[in-house]
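Participant: Provided below: start17.cif, containing mmCIF, C-alpha atoms and all ligand atoms.
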data_final
loop_
_atom_site.label_atom_id
_atom_site.label_comp_id
_atom_site.auth_asym_id
_atom_site.auth_seq_id
_atom_site.Cartn_x
_atom_site.Cartn_y
_atom_site.Cartn_z
CA MET I 22 116.65 -14.81 -92.36
CA ILE I 23 118.87 -11.84 -93.11
CA ARG I 24 119.67 -12.34 -96.75
CA TYR I 25 117.52 -13.39 -99.71
CA ASP I 26 119.37 -14.57 -102.79
CA LEU I 27 118.08 -15.64 -106.15
CA LYS I 28 119.97 -18.40 -107.93
CA GLN I 29 121.59 -17.26 -111.17
CA SER I 30 119.13 -19.50 -113.04
CA GLU I 31 116.25 -17.63 -111.38
CA MET I 32 117.29 -14.21 -112.64
CA PRO I 33 114.37 -12.73 -114.65
CA ARG I 34 114.81 -12.82 -118.42
CA LYS I 35 112.67 -9.78 -119.22
CA TRP I 36 112.73 -6.08 -118.50
CA TYR I 37 109.46 -4.47 -117.49
CA ASN I 38 108.08 -1.48 -119.38
CA ILE I 39 105.50 0.49 -117.39
CA ILE I 40 104.22 2.52 -120.36
CA PRO I 41 101.29 0.21 -121.32
CA ASP I 42 100.14 0.11 -117.68
CA LEU I 43 100.13 3.87 -117.08
CA PRO I 44 96.82 5.65 -116.49
CA GLU I 45 97.60 8.04 -119.36
CA GLU I 46 100.02 8.43 -122.26
CA VAL I 47 103.47 9.77 -121.44
CA PRO I 48 103.82 13.26 -122.95
CA MET I 49 106.07 13.09 -126.03
CA PRO I 50 109.40 14.95 -126.19
CA LEU I 51 109.04 18.45 -127.56
CA ASP I 52 111.46 19.39 -130.28
CA GLU I 53 110.66 22.87 -131.48
CA ASN I 54 112.90 23.07 -134.54
CA GLY I 55 113.16 19.35 -135.21
CA GLU I 56 116.92 19.38 -134.83
CA ALA I 57 117.30 17.67 -131.47
CA MET I 58 115.40 14.51 -132.48
CA GLU I 59 117.39 14.34 -135.73
CA LEU I 60 120.65 14.53 -133.79
CA LEU I 61 119.49 11.90 -131.32
CA LYS I 62 118.47 9.55 -134.12
CA ARG I 63 121.97 9.71 -135.50
CA ALA I 64 123.81 9.65 -132.19
CA VAL I 65 121.88 7.07 -130.13
CA PRO I 66 121.73 3.32 -130.93
CA SER I 67 118.59 2.59 -132.98
CA LYS I 68 117.24 -0.15 -130.70
CA ILE I 69 117.30 2.24 -127.74
CA LEU I 70 115.14 4.79 -129.57
CA GLU I 71 112.74 1.98 -130.46
CA HIS I 72 112.53 0.94 -126.80
CA GLU I 73 112.07 4.57 -125.74
CA PHE I 74 108.59 4.63 -127.26
CA SER I 75 107.69 0.94 -127.03
CA HIS I 76 104.30 -0.15 -125.70
CA GLU I 77 105.39 -3.77 -125.14
CA ARG I 78 104.98 -4.63 -121.45
CA TYR I 79 107.91 -7.05 -121.32
CA ILE I 80 111.07 -6.93 -123.38
CA ASP I 81 113.47 -9.88 -123.61
CA ILE I 82 116.92 -9.25 -122.17
CA PRO I 83 119.38 -10.19 -124.94
CA GLU I 84 121.43 -13.24 -123.99
CA PRO I 85 124.82 -11.41 -124.06
CA VAL I 86 123.45 -8.72 -121.70
CA TYR I 87 121.97 -11.39 -119.43
CA GLU I 88 125.33 -13.13 -119.21
CA LYS I 89 127.14 -9.91 -118.38
CA TYR I 90 124.61 -9.13 -115.66
CA MET I 91 125.84 -12.31 -113.99
CA MET I 92 129.49 -11.37 -114.51
CA VAL I 93 129.07 -8.06 -112.69
CA GLY I 94 127.28 -9.46 -109.67
CA ARG I 95 123.65 -10.08 -110.54
CA PRO I 96 121.32 -11.15 -109.16
CA THR I 97 121.93 -8.82 -106.21
CA PRO I 98 120.72 -9.86 -102.74
CA ILE I 99 117.97 -8.37 -100.65
CA ILE I 100 119.22 -7.88 -97.09
CA ARG I 101 117.17 -7.23 -93.97
CA ALA I 102 118.49 -4.28 -91.93
CA LYS I 103 117.66 -5.91 -88.60
CA LYS I 104 119.87 -3.83 -86.36
CA PHE I 105 118.60 -0.61 -87.90
CA GLU I 106 115.03 -1.86 -87.39
CA GLU I 107 115.85 -2.37 -83.73
CA TYR I 108 117.35 1.10 -83.51
CA LEU I 109 114.15 2.57 -84.96
CA GLY I 110 112.00 0.76 -82.38
CA ASN I 111 111.12 -2.53 -84.10
CA ASN I 112 107.97 -1.15 -85.69
CA ILE I 113 109.11 -1.65 -89.26
CA LYS I 114 110.82 -4.33 -91.30
CA ILE I 115 113.46 -3.00 -93.69
CA TYR I 116 114.42 -4.92 -96.83
CA MET I 117 117.28 -3.44 -98.83
CA LYS I 118 117.78 -4.23 -102.51
CA MET I 119 121.58 -4.14 -102.62
CA GLU I 120 122.48 -2.54 -105.95
CA SER I 121 125.71 -1.58 -104.22
CA TYR I 122 126.80 -5.21 -104.67
CA THR I 123 127.62 -4.85 -108.37
CA TYR I 124 131.19 -4.42 -109.62
CA THR I 125 130.90 -0.65 -110.00
CA GLY I 126 129.19 -0.33 -106.62
CA SER I 127 125.92 1.15 -107.86
CA HIS I 128 122.81 0.44 -109.95
CA LYS I 129 124.18 2.25 -113.01
CA ILE I 130 125.80 -0.80 -114.60
CA ASN I 131 122.31 -2.32 -115.06
CA SER I 132 121.51 -0.06 -117.98
CA ALA I 133 125.07 0.67 -119.14
CA LEU I 134 125.42 -2.97 -120.21
CA ALA I 135 122.31 -2.69 -122.39
CA HIS I 136 123.21 0.68 -123.93
CA VAL I 137 126.70 -0.47 -124.89
CA TYR I 138 125.42 -3.78 -126.26
CA TYR I 139 123.00 -1.94 -128.57
CA ALA I 140 125.73 0.49 -129.65
CA LYS I 141 127.80 -2.49 -130.69
CA GLN I 142 124.86 -3.90 -132.62
CA ASP I 143 124.92 -0.68 -134.66
CA ASN I 144 128.62 -1.27 -135.48
CA ALA I 145 129.82 1.75 -133.55
CA ASP I 146 133.59 2.24 -133.40
CA PHE I 147 133.31 3.44 -129.80
CA VAL I 148 130.80 4.71 -127.24
CA SER I 149 130.84 8.13 -125.62
CA SER I 150 129.04 9.57 -122.65
CA GLU I 151 129.22 12.31 -120.06
CA THR I 152 129.75 11.95 -116.35
CA GLY I 153 129.60 14.31 -113.39
CA ALA I 154 130.81 12.70 -110.20
CA GLY I 155 131.84 9.62 -112.16
CA GLN I 156 129.49 6.76 -111.28
CA TRP I 157 127.82 6.74 -114.67
CA GLY I 158 131.15 7.07 -116.46
CA ALA I 159 132.50 4.13 -114.47
CA ALA I 160 129.51 1.99 -115.43
CA VAL I 161 129.80 2.84 -119.14
CA SER I 162 133.55 2.15 -119.00
CA LEU I 163 133.03 -1.27 -117.43
CA ALA I 164 130.25 -2.11 -119.91
CA ALA I 165 132.51 -1.07 -122.78
CA ALA I 166 135.37 -3.19 -121.46
CA LEU I 167 133.13 -6.28 -121.24
CA ASN I 168 131.87 -5.64 -124.78
CA ASN I 169 135.36 -5.05 -126.24
CA ILE I 170 134.62 -1.53 -127.41
CA LYS I 171 136.36 1.74 -126.60
CA ALA I 172 134.71 4.24 -124.24
CA HIS I 173 135.32 7.99 -124.37
CA ILE I 174 134.04 9.61 -121.20
CA PHE I 175 133.65 13.38 -120.96
CA MET I 176 133.92 14.29 -117.31
CA VAL I 177 132.88 17.69 -115.95
CA ARG I 178 136.21 19.53 -115.65
CA THR I 179 135.87 20.45 -111.96
CA SER I 180 135.10 16.82 -110.99
CA TYR I 181 137.89 15.56 -113.23
CA TYR I 182 140.39 17.38 -111.05
CA ALA I 183 138.55 17.22 -107.71
CA LYS I 184 137.48 13.55 -107.81
CA PRO I 185 140.29 11.55 -109.34
CA TYR I 186 139.34 8.12 -107.97
CA ARG I 187 136.44 7.40 -110.29
CA LYS I 188 138.56 8.67 -113.15
CA PHE I 189 141.19 6.10 -112.16
CA GLN I 190 138.46 3.47 -111.98
CA MET I 191 137.40 4.31 -115.56
CA GLU I 192 141.01 4.20 -116.72
CA MET I 193 141.49 0.81 -115.06
CA TYR I 194 138.63 -0.38 -117.30
CA GLY I 195 140.50 0.99 -120.31
CA ALA I 196 138.39 4.09 -120.99
CA ASP I 197 139.74 7.41 -122.23
CA VAL I 198 138.58 10.11 -119.84
CA HIS I 199 138.55 13.73 -121.04
CA PRO I 200 137.97 16.78 -118.89
CA SER I 201 135.01 18.69 -120.37
CA PRO I 202 135.10 21.21 -121.99
CA SER I 203 137.76 19.23 -123.74
CA ASP I 204 140.43 20.15 -126.28
CA PHE I 205 139.66 16.72 -127.72
CA THR I 206 136.61 18.10 -129.61
CA ALA I 207 136.10 21.18 -131.80
CA TYR I 208 133.19 22.20 -129.56
CA GLY I 209 135.31 21.98 -126.39
CA LYS I 210 138.24 23.82 -128.01
CA GLU I 211 135.89 26.65 -128.93
CA LEU I 212 134.65 26.97 -125.33
CA LEU I 213 138.18 26.83 -123.93
CA LYS I 214 139.33 29.51 -126.35
CA LYS I 215 136.68 31.83 -124.91
CA ASP I 216 137.39 30.86 -121.32
CA PRO I 217 140.39 28.67 -120.52
CA GLU I 218 139.08 28.36 -116.94
CA ASN I 219 135.64 27.04 -117.95
CA PRO I 220 134.70 24.66 -115.08
CA GLY I 221 132.34 22.64 -117.29
CA SER I 222 128.87 21.31 -116.56
CA LEU I 223 126.87 18.18 -117.29
CA GLY I 224 125.17 20.02 -120.17
CA ILE I 225 128.50 20.87 -121.75
CA ALA I 226 129.75 17.32 -121.22
CA ILE I 227 126.63 15.96 -122.95
CA SER I 228 127.33 18.19 -125.95
CA ASP I 229 130.98 17.16 -125.98
CA ALA I 230 130.14 13.46 -125.86
CA MET I 231 127.36 13.66 -128.42
CA LYS I 232 129.32 15.75 -130.91
CA TYR I 233 132.34 13.52 -130.60
CA ALA I 234 130.21 10.45 -131.34
CA LEU I 235 128.48 12.10 -134.32
CA GLU I 236 131.71 13.26 -135.90
CA ASN I 237 133.60 9.99 -135.49
CA ASN I 238 131.26 7.02 -136.07
CA GLY I 239 130.68 6.42 -132.38
CA LYS I 240 127.41 6.07 -130.49
CA TYR I 241 126.34 8.36 -127.71
CA ILE I 242 124.99 6.73 -124.54
CA ALA I 243 122.33 8.67 -122.56
CA GLY I 244 121.83 7.57 -118.94
CA SER I 245 118.95 7.94 -116.43
CA VAL I 246 115.90 10.15 -117.18
CA ILE I 247 114.90 8.51 -120.48
CA ASN I 248 112.27 5.74 -120.63
CA ALA I 249 114.64 3.19 -122.17
CA ASP I 250 117.23 3.66 -119.44
CA ILE I 251 114.60 3.01 -116.78
CA LEU I 252 113.45 -0.05 -118.73
CA TYR I 253 116.95 -1.58 -118.69
CA LYS I 254 117.37 -0.94 -114.99
CA THR I 255 114.10 -2.73 -114.08
CA ILE I 256 116.12 -5.93 -113.77
CA ALA I 257 116.53 -4.81 -110.13
CA GLY I 258 112.77 -4.54 -109.51
CA GLN I 259 112.04 -7.72 -111.45
CA GLU I 260 114.44 -9.58 -109.15
CA ALA I 261 113.00 -7.89 -106.07
CA LEU I 262 109.47 -9.08 -106.95
CA LEU I 263 110.70 -12.69 -106.69
CA GLN I 264 112.83 -12.01 -103.61
CA MET I 265 109.97 -10.38 -101.69
CA LYS I 266 107.95 -13.56 -102.32
CA MET I 267 110.80 -15.49 -100.68
CA THR I 268 110.55 -13.28 -97.59
CA GLY I 269 106.83 -13.95 -97.17
CA ASP I 270 106.31 -10.20 -96.69
CA ASP I 271 104.82 -7.70 -99.08
CA PRO I 272 106.20 -4.17 -98.92
CA ASP I 273 103.80 -1.50 -97.66
CA TYR I 274 106.31 1.14 -98.73
CA ILE I 275 108.77 1.28 -101.60
CA ILE I 276 111.36 3.99 -101.20
CA GLY I 277 114.54 5.20 -102.88
CA VAL I 278 116.44 8.26 -104.05
CA VAL I 279 116.11 10.24 -107.25
CA GLY I 280 118.87 11.83 -109.30
CA GLY I 281 117.28 11.61 -112.74
CA GLY I 282 114.85 9.00 -111.43
CA SER I 283 116.01 5.68 -112.89
CA ASN I 284 117.24 4.19 -109.62
CA TYR I 285 113.92 4.61 -107.87
CA ALA I 286 111.78 3.77 -110.91
CA ALA I 287 113.76 0.59 -111.58
CA LEU I 288 112.83 -0.88 -108.22
CA ALA I 289 109.34 0.57 -107.88
CA PHE I 290 107.85 0.08 -111.36
CA PRO I 291 107.57 -3.73 -111.46
CA PHE I 292 105.66 -3.56 -108.12
CA LEU I 293 103.58 -0.57 -109.16
CA GLY I 294 102.77 -2.24 -112.48
CA GLU I 295 100.97 -5.06 -110.65
CA GLU I 296 98.81 -2.52 -108.85
CA LEU I 297 98.12 -0.39 -111.92
CA ARG I 298 96.91 -3.50 -113.78
CA GLU I 299 94.60 -4.40 -110.89
CA ASN I 300 93.50 -0.79 -110.60
CA ASN I 301 94.21 -0.96 -106.88
CA ILE I 302 97.13 1.02 -105.53
CA ARG I 303 97.72 -0.20 -102.00
CA ARG I 304 101.43 0.36 -101.45
CA LYS I 305 102.97 3.73 -100.65
CA TYR I 306 105.62 4.96 -103.05
CA ILE I 307 107.99 7.60 -101.69
CA ALA I 308 110.95 9.02 -103.59
CA ALA I 309 113.61 11.18 -101.94
CA GLY I 310 115.86 13.85 -103.35
CA SER I 311 118.32 16.45 -102.18
CA LEU I 312 117.00 19.62 -100.55
CA GLU I 313 119.88 21.48 -102.20
CA VAL I 314 118.41 20.55 -105.60
CA PRO I 315 114.72 20.56 -104.65
CA LYS I 316 113.13 19.52 -107.94
CA MET I 317 111.04 16.92 -106.12
CA THR I 318 109.28 19.25 -103.74
CA ARG I 319 109.70 22.65 -105.40
CA GLY I 320 109.84 21.74 -109.06
CA VAL I 321 107.13 22.63 -111.59
CA TYR I 322 105.60 20.06 -113.94
CA LYS I 323 106.30 21.44 -117.40
CA TYR I 324 108.36 21.05 -120.55
CA ASP I 325 112.01 21.81 -119.90
CA PHE I 326 115.35 21.05 -121.48
CA ALA I 327 116.89 17.74 -120.50
CA ASP I 328 120.35 19.33 -120.58
CA THR I 329 121.76 22.79 -119.85
CA ALA I 330 123.05 23.32 -123.37
CA GLY I 331 119.64 22.56 -124.92
CA VAL I 332 121.04 19.92 -127.30
CA LEU I 333 118.46 17.33 -126.30
CA PRO I 334 114.68 17.68 -126.87
CA MET I 335 112.47 19.15 -124.15
CA LEU I 336 110.72 16.70 -121.83
CA LYS I 337 107.67 17.14 -119.64
CA MET I 338 108.88 16.71 -116.09
CA TYR I 339 109.16 18.18 -112.62
CA THR I 340 112.01 20.67 -112.96
CA ILE I 341 113.64 23.53 -111.16
CA GLY I 342 115.03 24.75 -114.48
CA ALA I 343 117.79 23.45 -116.73
CA ASP I 344 119.84 26.53 -115.85
CA PHE I 345 119.60 25.90 -112.09
CA ILE I 346 123.12 25.89 -110.67
CA PRO I 347 123.17 23.52 -107.72
CA PRO I 348 125.43 24.24 -104.77
CA PRO I 349 128.41 21.88 -104.71
CA VAL I 350 126.58 19.11 -102.83
CA PHE I 351 128.54 15.94 -102.45
CA ALA I 352 125.72 13.63 -103.45
CA GLY I 353 126.82 14.28 -107.05
CA GLY I 354 124.36 11.73 -108.42
CA LEU I 355 121.39 13.76 -107.13
CA ARG I 356 122.32 17.04 -108.81
CA TYR I 357 120.15 16.66 -111.91
CA HIS I 358 117.61 19.49 -112.25
CA ALA I 359 114.56 17.40 -113.15
CA VAL I 360 112.72 14.11 -112.64
CA ALA I 361 112.35 11.48 -115.40
CA PRO I 362 109.10 11.98 -117.40
CA LEU I 363 107.74 8.55 -116.37
CA LEU I 364 108.27 9.22 -112.69
CA SER I 365 107.07 12.84 -113.02
CA LEU I 366 103.80 11.65 -114.51
CA LEU I 367 103.25 9.34 -111.53
CA MET I 368 104.12 12.14 -109.10
CA HIS I 369 101.71 14.44 -110.89
CA ARG I 370 98.94 11.83 -110.54
CA GLY I 371 99.69 11.55 -106.82
CA ILE I 372 100.74 7.89 -107.13
CA VAL I 373 104.34 8.58 -106.10
CA SER I 374 105.03 11.11 -103.36
CA SER I 375 108.30 12.82 -102.65
CA ARG I 376 110.58 14.23 -99.95
CA ASP I 377 113.74 16.29 -100.08
CA TYR I 378 116.34 16.01 -97.34
CA SER I 379 119.36 18.18 -96.69
CA GLN I 380 122.83 16.81 -97.06
CA GLU I 381 123.44 17.50 -93.40
CA GLU I 382 120.55 15.38 -92.23
CA SER I 383 121.21 12.60 -94.75
CA PHE I 384 124.90 12.35 -93.88
CA LYS I 385 124.12 12.07 -90.17
CA TYR I 386 121.95 9.10 -91.06
CA ALA I 387 124.74 7.70 -93.23
CA GLN I 388 127.08 7.72 -90.26
CA LEU I 389 124.46 6.27 -87.95
CA PHE I 390 123.63 3.55 -90.45
CA SER I 391 127.32 2.70 -90.93
CA LYS I 392 127.77 2.34 -87.17
CA ILE I 393 124.66 0.26 -86.69
CA GLU I 394 124.46 -1.92 -89.81
CA GLY I 395 128.15 -1.87 -90.69
CA TYR I 396 127.54 -0.86 -94.30
CA ILE I 397 128.56 2.55 -95.64
CA PRO I 398 125.90 3.88 -98.01
CA ALA I 399 126.68 6.15 -100.95
CA PRO I 400 125.97 9.83 -100.18
CA GLU I 401 123.08 9.61 -102.65
CA THR I 402 121.62 6.50 -101.00
CA SER I 403 121.76 8.14 -97.58
CA HIS I 404 118.98 10.54 -98.64
CA ALA I 405 116.50 7.64 -98.39
CA LEU I 406 117.35 6.91 -94.75
CA PRO I 407 115.35 9.74 -93.10
CA ILE I 408 112.17 8.28 -94.67
CA LEU I 409 112.74 5.11 -92.65
CA LYS I 410 112.58 7.09 -89.43
CA GLU I 411 109.40 8.81 -90.60
CA ILE I 412 107.73 5.49 -91.43
CA ALA I 413 108.87 3.96 -88.13
CA ASP I 414 107.39 6.86 -86.15
CA GLU I 415 104.12 6.58 -88.05
CA ALA I 416 104.02 2.81 -87.40
CA GLU I 417 104.58 3.39 -83.73
CA ARG I 418 101.71 5.90 -83.57
CA THR I 419 99.27 3.58 -85.37
CA HIS I 420 100.53 0.34 -83.77
CA GLU I 421 100.76 -1.27 -87.18
CA LYS I 422 103.96 -3.04 -88.16
CA LYS I 423 105.04 -1.90 -91.64
CA THR I 424 107.31 -3.43 -94.26
CA VAL I 425 109.61 -1.22 -96.31
CA LEU I 426 111.59 -2.06 -99.42
CA VAL I 427 114.41 0.36 -100.16
CA SER I 428 116.66 0.66 -103.19
CA PHE I 429 120.17 0.61 -101.78
CA SER I 430 121.59 2.34 -104.83
CA GLY I 431 125.30 2.35 -103.97
CA HIS I 432 128.08 2.05 -101.42
CA GLY I 433 130.13 4.99 -100.21
CA LEU I 434 133.64 3.58 -100.21
CA LEU I 435 134.79 5.95 -102.95
CA ASP I 436 133.09 8.89 -101.23
CA LEU I 437 134.85 8.79 -97.89
CA ALA I 438 136.64 12.09 -98.54
CA ASN I 439 133.23 13.74 -98.98
CA TYR I 440 131.91 12.24 -95.77
CA ALA I 441 135.09 13.30 -93.99
CA ASP I 442 134.68 16.91 -95.19
CA ALA I 443 131.00 17.16 -94.33
CA LEU I 444 131.06 15.26 -91.04
CA GLY I 445 134.36 16.72 -89.86
CA LEU I 446 136.12 13.35 -89.61
CA LYS I 447 139.79 13.66 -88.83
C1 LIG B 501 123.48 8.08 -109.83
C2 LIG B 501 123.11 7.60 -108.52
C3 LIG B 501 121.83 7.80 -107.99
C4 LIG B 501 120.76 8.54 -108.75
O1 LIG B 501 120.30 7.74 -109.79
P1 LIG B 501 119.21 8.15 -110.85
O2 LIG B 501 118.99 6.90 -111.54
O3 LIG B 501 119.82 9.20 -111.73
O4 LIG B 501 118.03 8.67 -110.12
C5 LIG B 501 121.53 7.27 -106.75
N1 LIG B 501 122.45 6.59 -106.04
C6 LIG B 501 123.71 6.37 -106.50
C7 LIG B 501 124.66 5.63 -105.66
C8 LIG B 501 124.08 6.86 -107.76
O5 LIG B 501 125.31 6.63 -108.23
#
Have the structure of the file written as structure tokens, please.
Ligand SMILES: *Cc1c(COP(=O)(O)O)cnc(C)c1O
Facilitator:
Amino acid sequence: MIRYDLKQSEMPRKWYNIIPDLPEEVPMPLDENGEAMELLKRAVPSKILEHEFSHERYIDIPEPVYEKYMMVGRPTPIIRAKKFEEYLGNNIKIYMKMESYTYTGSHKINSALAHVYYAKQDNADFVSSETGAGQWGAAVSLAAALNNIKAHIFMVRTSYYAKPYRKFQMEMYGADVHPSPSDFTAYGKELLKKDPENPGSLGIAISDAMKYALENNGKYIAGSVINADILYKTIAGQEALLQMKMTGDDPDYIIGVVGGGSNYAALAFPFLGEELRENNIRRKYIAAGSLEVPKMTRGVYKYDFADTAGVLPMLKMYTIGADFIPPPVFAGGLRYHAVAPLLSLLMHRGIVSSRDYSQEESFKYAQLFSKIEGYIPAPETSHALPILKEIADEAERTHEKKTVLVSFSGHGLLDLANYADALGLK
């Protein structure tokens, strides 16, 4: 078989929370003057903060969220990359969890639907969030549309002008998209007064979005990195557990790419949880990042700011510094300077290992994969492909056939201009 589908009625009804199964407590956020937590408490939906520190292993997916999962394309299939297996020498089996099959084309809608639902529960007038390249903003905009609530998206000014397609996507969903710094908020106006050419940054956009929510009875939506966001995205891994049973294979390797870490964690944690509970870790967990933002392989495990502006509390994580200015890599979703605390803890314990690959190498694989499998991966997703080659070579050396499960986090159909630039397509 090539494709493994769950029936809609088989879609799991619970998210999985890894916290109670971890070998040690997750380090708490550090908030030196107490202001950041206070702000978050006011800006973020209350249920999300409760989930952030929950020790319940399974949390029921609210019925309205469950229904909307189905509307946007869940459950997603697992697809066997048979031709790519052949290309790599037939020593490995590759199963891809196709998060690219959702309406927004990536895994980000999985948590956006939960965040927006909980904002609505708190009677917010609107939701606000930041976005860099635009995938997260698109997911929040779609989630807001399906929940009949307004979305205000603060998009890093340079991307706003350089990458109009995701902005159009957000506007098609009815969101208001503001370049950040924005003259829509007092904070943004202040920055623009000082420097009308301010290109913006994710940190500034976070401040813009959070301040706008606080001042106008909205709720601020924080994506990736935080425990609750990973929790909501585990729907993908929960499905994959059932789908891998259908295949009759058990993955020896679970791989995926890391921006803030939620994509990889969402797929890996439900599998890893089984092993942590049995105290027997037999699978190999490998996460990949971008060599241009090498927090995975060159980061330090310490408390650092979650955002450049220092509005959010400090988190203990692998980081190359909140003030690290990444080169303008196209895999916009991998630019974050640190790794989610939950995933960092597992890296620190040696349970999850990591690789960083250059854009050049990853994009060559993207083109190869497109030619062979006929599916164009997102630039971010392409950073997981070199691991497949590594595993295949290892399998050939040891004469052991290996099974790999990979999070196929998104498709690249809105990123073709980036591929064209980098690969010299004419
Ligand atoms: C955002 C994004 C990522 C990175 O996700 P994190 O959850 O932040 O690690 C990976 N792939 C795609 C396609 C993305 O849009």
Participant: Identify, counting all atoms listed in the file, the protein, DNA and RNA residues located within 9 Å of ligand LIG 501 (chain B), and give them as a PyMOL selection string.
Facilitator: chain I and resi 120-121+126-129+154-157+244-246+250-251+254+277-287+310+352-357+360-361+398-403+428-433
Participant: Given all atoms listed in the file as the basis, pick out the residue of I:Ala135, I:Met193, I:Leu213, I:Ala413 nearest to Lys68 of chain I.
Facilitator: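 That would be I:Ala135, the residue with the smallest distance to Lys68 of chain I.
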Participant: Rounded to one decimal place, report the atom CA of Phe74 of chain I-atom CA of Ile40 of chain I distance in Å.
Facilitator: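 Computing it gives 8.4 Å between the two atoms.
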Participant: I'd like the interatomic distance between atom CA of Tyr79 of chain I and atom CA of Ala261 of chain I, to a tenth of an Å.
Facilitator: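 It comes out at 16.1 Å.
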Participant: Between I:Glu73, I:Glu411, I:Asp270, I:Glu56, which residue has the minimum interatomic distance to Pro334 of chain I, considering all atoms listed in the file?
Facilitator: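 Checking each candidate against Pro334 of chain I, we get I:Glu56 as the closest.
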Participant: Quick one: of I:Arg376, I:Arg319, I:Lys89, I:Arg178, who's nearest to Tyr306 of chain I, counting only C-alpha atoms?
Facilitator: I:Arg376
Participant: Separation of atom CA of Thr340 of chain I and atom CA of Tyr241 of chain I, in Å?
Facilitator: 24.0 Å
Participant: What's the 6 Å shell around segment 163-176 of chain I, counting all atoms listed in the file, without same-chain residues fewer than 3 positions away, as a list in words?
Facilitator: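 Final neighbour list, sorted by chain and number: Ala133, Leu134, Phe147, Val148, Ser149, Ser150, Glu151, Thr152, Gly153, Ala160, Tyr181, Tyr194, Ala196, Asp197, Val198, His199, Pro200, Ser201 and Ala226 of chain I.
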Participant: Taking the point (104.0, -4.4, -97.2) as given in the file, collect each protein or nucleic acid residue that comes within 7 Å of it, counting all atoms listed in the file, and present the set as a list of chain:residue names.
Facilitator: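 Checking each residue against the 7 Å limit leaves I:Asp270, I:Asp271, I:Pro272, I:Asp273, I:Tyr274, I:Arg304, I:Lys423, I:Thr424, I:Val425.
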Participant: Restricting the calculation to all atoms listed in the file, which member of I:Asp216, I:Asp344, I:Asp414, I:Asp442 is positioned closest to Gln380 of chain I?
Facilitator: I:Asp442
Participant: Nearest to Phe105 of chain I among I:Met117, I:Ala359, I:Leu262, I:Ile130, with distances taken over only C-alpha atoms: which residue is it?
Facilitator: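 For Phe105 of chain I, the nearest of the given residues is I:Met117.
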